[in-house]
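Student: Data file protein.txt (compact mmCIF, C-alpha atoms and all ligand atoms) is appended below.
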# COMPACT_ATOMS: atom_id res chain seq x y z
CA MET W 1 44.59 -77.97 -18.42
CA ALA W 2 43.38 -81.34 -17.29
CA LEU W 3 39.97 -82.56 -16.23
CA GLU W 4 40.46 -83.52 -12.58
CA LYS W 5 38.48 -85.10 -9.77
CA THR W 6 38.44 -83.74 -6.26
CA LEU W 7 36.60 -84.59 -3.06
CA SER W 8 34.62 -82.13 -0.99
CA ILE W 9 33.03 -82.91 2.36
CA ILE W 10 30.49 -80.53 3.84
CA LYS W 11 31.38 -80.91 7.53
CA PRO W 12 28.94 -81.45 10.42
CA ASN W 13 28.87 -77.78 11.47
CA ALA W 14 27.78 -76.61 8.01
CA VAL W 15 25.18 -79.37 7.57
CA ALA W 16 23.72 -78.55 11.01
CA LYS W 17 23.49 -74.85 10.07
CA LYS W 18 21.57 -75.71 6.84
CA ASN W 19 24.37 -74.46 4.61
CA ILE W 20 24.42 -77.46 2.23
CA GLY W 21 22.65 -75.64 -0.59
CA ALA W 22 24.69 -72.46 -0.29
CA ILE W 23 27.95 -74.40 -0.34
CA ILE W 24 27.02 -76.53 -3.36
CA HIS W 25 25.92 -73.30 -5.09
CA MET W 26 29.40 -71.84 -4.51
CA LEU W 27 31.16 -75.01 -5.70
CA GLU W 28 29.08 -75.08 -8.89
CA GLY W 29 29.62 -71.35 -9.33
CA ALA W 30 33.38 -71.97 -9.21
CA GLY W 31 33.07 -74.22 -12.28
CA LEU W 32 32.92 -77.59 -10.52
CA ARG W 33 30.47 -80.30 -11.58
CA VAL W 34 28.94 -82.62 -8.99
CA MET W 35 29.55 -86.16 -10.26
CA GLY W 36 28.69 -88.00 -7.03
CA MET W 37 26.94 -87.10 -3.81
CA LYS W 38 26.08 -88.89 -0.58
CA MET W 39 24.90 -87.88 2.84
CA GLY W 40 25.46 -89.77 6.07
CA ASN W 41 27.43 -90.10 9.27
CA LEU W 42 31.08 -91.15 9.12
CA THR W 43 32.07 -94.01 11.39
CA GLN W 44 35.13 -93.58 13.59
CA ARG W 45 36.93 -96.04 11.31
CA ASP W 46 36.00 -94.01 8.19
CA ALA W 47 37.26 -90.78 9.74
CA GLU W 48 40.48 -92.34 11.11
CA GLN W 49 41.30 -93.89 7.74
CA PHE W 50 40.36 -90.81 5.75
CA TYR W 51 42.51 -88.54 7.92
CA ALA W 52 45.29 -91.12 8.50
CA ILE W 53 47.84 -88.64 7.09
CA HIS W 54 47.18 -86.46 10.19
CA LYS W 55 47.38 -89.31 12.73
CA ASP W 56 50.45 -87.89 14.47
CA ARG W 57 49.08 -84.35 14.72
CA ALA W 58 47.92 -83.06 18.10
CA PHE W 59 44.45 -82.36 16.75
CA PHE W 60 43.86 -85.84 15.22
CA LYS W 61 41.61 -87.28 17.96
CA GLU W 62 39.53 -84.12 18.11
CA LEU W 63 39.26 -84.00 14.33
CA VAL W 64 37.97 -87.59 14.18
CA SER W 65 35.53 -86.82 16.98
CA PHE W 66 34.30 -83.67 15.18
CA MET W 67 33.93 -85.40 11.81
CA THR W 68 31.84 -88.16 13.39
CA SER W 69 29.75 -85.77 15.52
CA GLY W 70 27.04 -85.22 12.93
CA THR W 71 25.92 -85.71 9.37
CA VAL W 72 28.20 -84.85 6.47
CA VAL W 73 27.62 -84.47 2.73
CA ILE W 74 30.30 -86.03 0.54
CA LEU W 75 30.72 -84.65 -2.96
CA ALA W 76 32.78 -86.01 -5.83
CA LEU W 77 33.57 -83.04 -8.04
CA GLU W 78 34.96 -82.80 -11.54
CA GLY W 79 36.33 -79.93 -13.55
CA THR W 80 39.28 -78.41 -15.32
CA ASN W 81 41.87 -77.85 -12.59
CA ALA W 82 39.23 -79.02 -10.10
CA VAL W 83 41.68 -79.43 -7.21
CA VAL W 84 42.90 -75.82 -7.29
CA LYS W 85 39.44 -74.45 -8.11
CA ASN W 86 38.03 -76.20 -5.05
CA ARG W 87 40.90 -75.07 -2.78
CA ASP W 88 40.43 -71.48 -4.02
CA ILE W 89 36.69 -71.35 -3.37
CA MET W 90 37.17 -73.11 0.03
CA GLY W 91 39.64 -70.59 1.42
CA ALA W 92 42.38 -71.07 4.03
CA THR W 93 42.13 -73.77 6.72
CA ASP W 94 41.60 -71.13 9.43
CA PRO W 95 38.38 -69.24 8.54
CA LYS W 96 39.85 -66.10 10.16
CA LYS W 97 42.59 -66.17 7.50
CA ALA W 98 40.33 -67.21 4.61
CA ALA W 99 39.84 -64.68 1.80
CA PRO W 100 36.47 -62.90 1.71
CA ASN W 101 33.70 -64.69 -0.19
CA THR W 102 35.26 -68.11 0.26
CA ILE W 103 33.26 -70.97 1.75
CA ARG W 104 35.31 -71.05 4.95
CA ALA W 105 35.15 -67.26 5.40
CA LYS W 106 31.36 -67.42 5.12
CA PHE W 107 30.53 -70.68 6.90
CA GLY W 108 33.61 -71.68 8.93
CA GLU W 109 33.28 -71.39 12.70
CA GLY W 110 36.88 -72.14 13.69
CA ILE W 111 40.03 -73.88 12.49
CA GLU W 112 38.43 -77.29 13.12
CA ALA W 113 34.76 -76.58 12.27
CA ASN W 114 35.80 -74.96 9.01
CA ALA W 115 32.75 -76.05 6.99
CA VAL W 116 34.42 -78.09 4.24
CA HIS W 117 37.16 -80.55 3.39
CA GLY W 118 38.90 -80.42 0.01
CA SER W 119 41.53 -82.66 -1.56
CA ASP W 120 44.97 -81.02 -1.62
CA SER W 121 46.50 -82.61 -4.74
CA VAL W 122 45.48 -84.28 -7.99
CA GLU W 123 46.61 -87.65 -6.65
CA ASN W 124 44.68 -87.23 -3.40
CA GLY W 125 41.63 -86.08 -5.38
CA ILE W 126 41.60 -89.40 -7.23
CA ASN W 127 42.26 -91.43 -4.07
CA GLU W 128 39.75 -89.57 -1.88
CA VAL W 129 36.95 -89.87 -4.47
CA ALA W 130 37.70 -93.61 -4.69
CA PHE W 131 37.66 -93.86 -0.86
CA PHE W 132 33.97 -92.91 -0.77
CA PHE W 133 32.58 -93.71 -4.24
CA ALA W 134 32.44 -96.80 -6.43
CA GLU W 135 32.94 -96.08 -10.14
CA ARG W 136 29.24 -96.84 -10.80
CA GLU W 137 28.20 -94.12 -8.32
CA LEU W 138 29.88 -91.41 -10.39
CA CYS W 139 27.81 -89.70 -13.07
P1 LIG F 201 42.83 -78.39 5.05
O1 LIG F 201 41.46 -78.95 5.45
O2 LIG F 201 42.76 -76.92 4.77
O3 LIG F 201 43.46 -79.19 3.94
P2 LIG F 201 44.63 -79.75 6.89
O4 LIG F 201 45.92 -79.20 7.38
O5 LIG F 201 44.67 -80.87 5.90
O6 LIG F 201 43.75 -78.52 6.34
O7 LIG F 201 43.83 -80.23 8.18
C1 LIG F 201 42.72 -81.10 8.07
C2 LIG F 201 41.63 -80.61 9.00
O8 LIG F 201 42.08 -80.73 10.34
C3 LIG F 201 41.26 -79.13 8.85
O9 LIG F 201 40.34 -78.89 7.80
C4 LIG F 201 40.65 -78.84 10.19
O10 LIG F 201 39.31 -79.33 10.30
C5 LIG F 201 41.54 -79.66 11.12
N1 LIG F 201 42.65 -78.87 11.65
C6 LIG F 201 43.75 -78.42 10.99
N2 LIG F 201 44.57 -77.75 11.78
C7 LIG F 201 43.98 -77.75 13.01
C8 LIG F 201 44.36 -77.21 14.28
O11 LIG F 201 45.41 -76.57 14.43
N3 LIG F 201 43.49 -77.42 15.31
C9 LIG F 201 42.33 -78.13 15.16
N4 LIG F 201 41.95 -78.67 13.99
C10 LIG F 201 42.76 -78.47 12.92
MG MG F 202 44.05 -81.19 3.94
Have the structure of the file written as structure tokens, please.
Tutor:
Amino acid sequence: MALEKTLSIIKPNAVAKKNIGAIIHMLEGAGLRVMGMKMGNLTQRDAEQFYAIHKDRAFFKELVSFMTSGTVVILALEGTNAVVKNRDIMGATDPKKAAPNTIRAKFGEGIEANAVHGSDSVENGINEVAFFFAERELC
């Protein structure tokens, strides 16, 4: 079992609803350690680059617009099997299909405003943490 990095983003809907603390509490409770944290507003360029993998999907423009619509909290997380641990505690993309007691079941408001982002592979965990954090910003 390897020590992995993964990226979480608390999305604008969850920040606006004052769910930052509750979500970090759940991530920490799942065995993840916060090694970097920043709060701010993504630029259109940030969001387009970050979600470039989805650029041909029908929802891409809306997703970029949503992710730039308000403040987000960006978390670099570390832990044994961190990628899977984060995906498990997040729940399914569509909050209606997310298992009970997952972050998306509790705080998701729809398939787009689903409260959190989470890296989907070990490789993307490394790349997504590096997208937002310099090495010296990780503790
Ligand atoms: P994930 O966040 O569970 O990894 P992805 O398929 O990578 O899901 O999609 C990225 C994000 O795009 C989702 O978290 C959600 O905000 C948005 N999204 C995914 N599918 C749809 C859709 O069918 N309609 C609108 N937005 C979507
Ligand atoms: Mg994804």
Student: Can you work out the spacing between atom O6 of ligand LIG 201 (chain F) and CA of Ala105 (chain W) in Å, to one decimal?
Tutor: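 Between these atoms lies a distance of 14.2 Å.
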Student: Closest to ligand LIG 201 (chain F) among W:Lys11, W:Lys18, W:Arg136, W:Lys96, using all atoms listed in the file?
Tutor: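 Selected residue with least distance to ligand LIG 201 (chain F): W:Lys11.
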Student: For the contact check between region 74-107 of chain W and region 33-54 of chain W, emit one row per residue of region 74-107 of chain W within 8 Å, containing the shortest atom pair and the distance in Å rounded to one decimal, counting all atoms listed in the file, chain then rising number order, as CSV.
Tutor:
residue,atom,partner,partner_atom,distance
W:Ile74,CA,W:Lys38,CA,5.2
W:Leu75,CA,W:Met37,CA,4.6
W:Ala76,CA,W:Gly36,CA,4.7
W:Leu77,CA,W:Val34,CA,4.7
W:Glu78,CA,W:Arg33,CA,5.1
W:Gly79,CA,W:Arg33,CA,6.2
Student: Residues as selected, C-alpha atoms, written as a PDB file, in the coordinates of the input, can you do that?
Tutor:
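The resulting file, result.pdb, is reproduced below:
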ATOM      1  CA  ILE W  74      30.300 -86.030   0.540  1.00  0.00           C
ATOM      2  CA  LEU W  75      30.720 -84.650  -2.960  1.00  0.00           C
ATOM      3  CA  ALA W  76      32.780 -86.010  -5.830  1.00  0.00           C
ATOM      4  CA  LEU W  77      33.570 -83.040  -8.040  1.00  0.00           C
ATOM      5  CA  GLU W  78      34.960 -82.800 -11.540  1.00  0.00           C
ATOM      6  CA  GLY W  79      36.330 -79.930 -13.550  1.00  0.00           C
TER       7      GLY W  79
END
Student: Grab me every residue within 12 Å of ligand MG 202 (chain F), counting only C-alpha atoms and all ligand atoms, and send it over as an NGL selection string.
Tutor: :W and (6-9 or 50-54 or 63 or 83 or 86-87 or 90-94 or 111-112 or 114 or 116-121 or 124-125 or 128)
Student: Quick one: pull the distance between CA of Asn81 (chain W) and CA of Ala113 (chain W), Å, one decimal.
Tutor: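 Here the two named atoms are 25.9 Å from each other.
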Student: So, counting all atoms listed in the file, which residue among W:Glu28, W:Ala16, W:Ala82, W:Ala98 is closest to ligand LIG 201 (chain F)?
Tutor: W:Ala98
Student: Using all atoms listed in the file, which of W:Thr102, W:Pro95, W:Gly70, W:Cys139 sits nearest Ala22 (chain W)?
Tutor: W:Thr102
Student: Separation of CA of Val129 (chain W) and atom C7 of ligand LIG 201 (chain F), in Å?
Tutor: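 For CA of Val129 (chain W) relative to atom C7 of ligand LIG 201 (chain F), the distance reads 22.4 Å.
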Student: Write out as a list in words each polymer residue whose atoms come within 9 Å of Met26 (chain W), counting all atoms listed in the file; drop sequence neighbours fewer than 4 positions from it.
Tutor: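 That gives Gly21, Ala22, Ala30, Gly31, Ile89, Thr102 and Ile103 of chain W.
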Student: Give the answer as one residue: which of W:Ile20, W:Leu32, W:Ala99, W:Ile126 has the shortest atom-to-atom distance to Val84 (chain W), using all atoms listed in the file?
Tutor: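 Checking each of W:Ile20, W:Leu32, W:Ala99, W:Ile126 against Val84 (chain W), counting all atoms listed in the file, the winner is W:Leu32.
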Student: For ligand LIG 201 (chain F), which of W:Glu135, W:Leu27, W:Asn19, W:Ala115 is the closest residue, counting all atoms listed in the file?
Tutor: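 Checking each of W:Glu135, W:Leu27, W:Asn19, W:Ala115 against ligand LIG 201 (chain F), counting all atoms listed in the file, the winner is W:Ala115.
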Student: With 5 Å on each side, where is the centre of the axis-aligned box around all listed atoms of ligand LIG 201 (chain F), and how long are its edges in Å to one decimal, as JSON?
Tutor:
{"center_x": 42.6, "center_y": -78.8, "center_z": 9.6, "size_x": 16.6, "size_y": 14.5, "size_z": 21.4}
Student: Rank nothing, just name the residue among W:Lys17, W:Lys97, W:Lys85, W:Lys61 nearest to Glu4 (chain W), using all atoms listed in the file.
Tutor: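 Closest candidate: W:Lys85.
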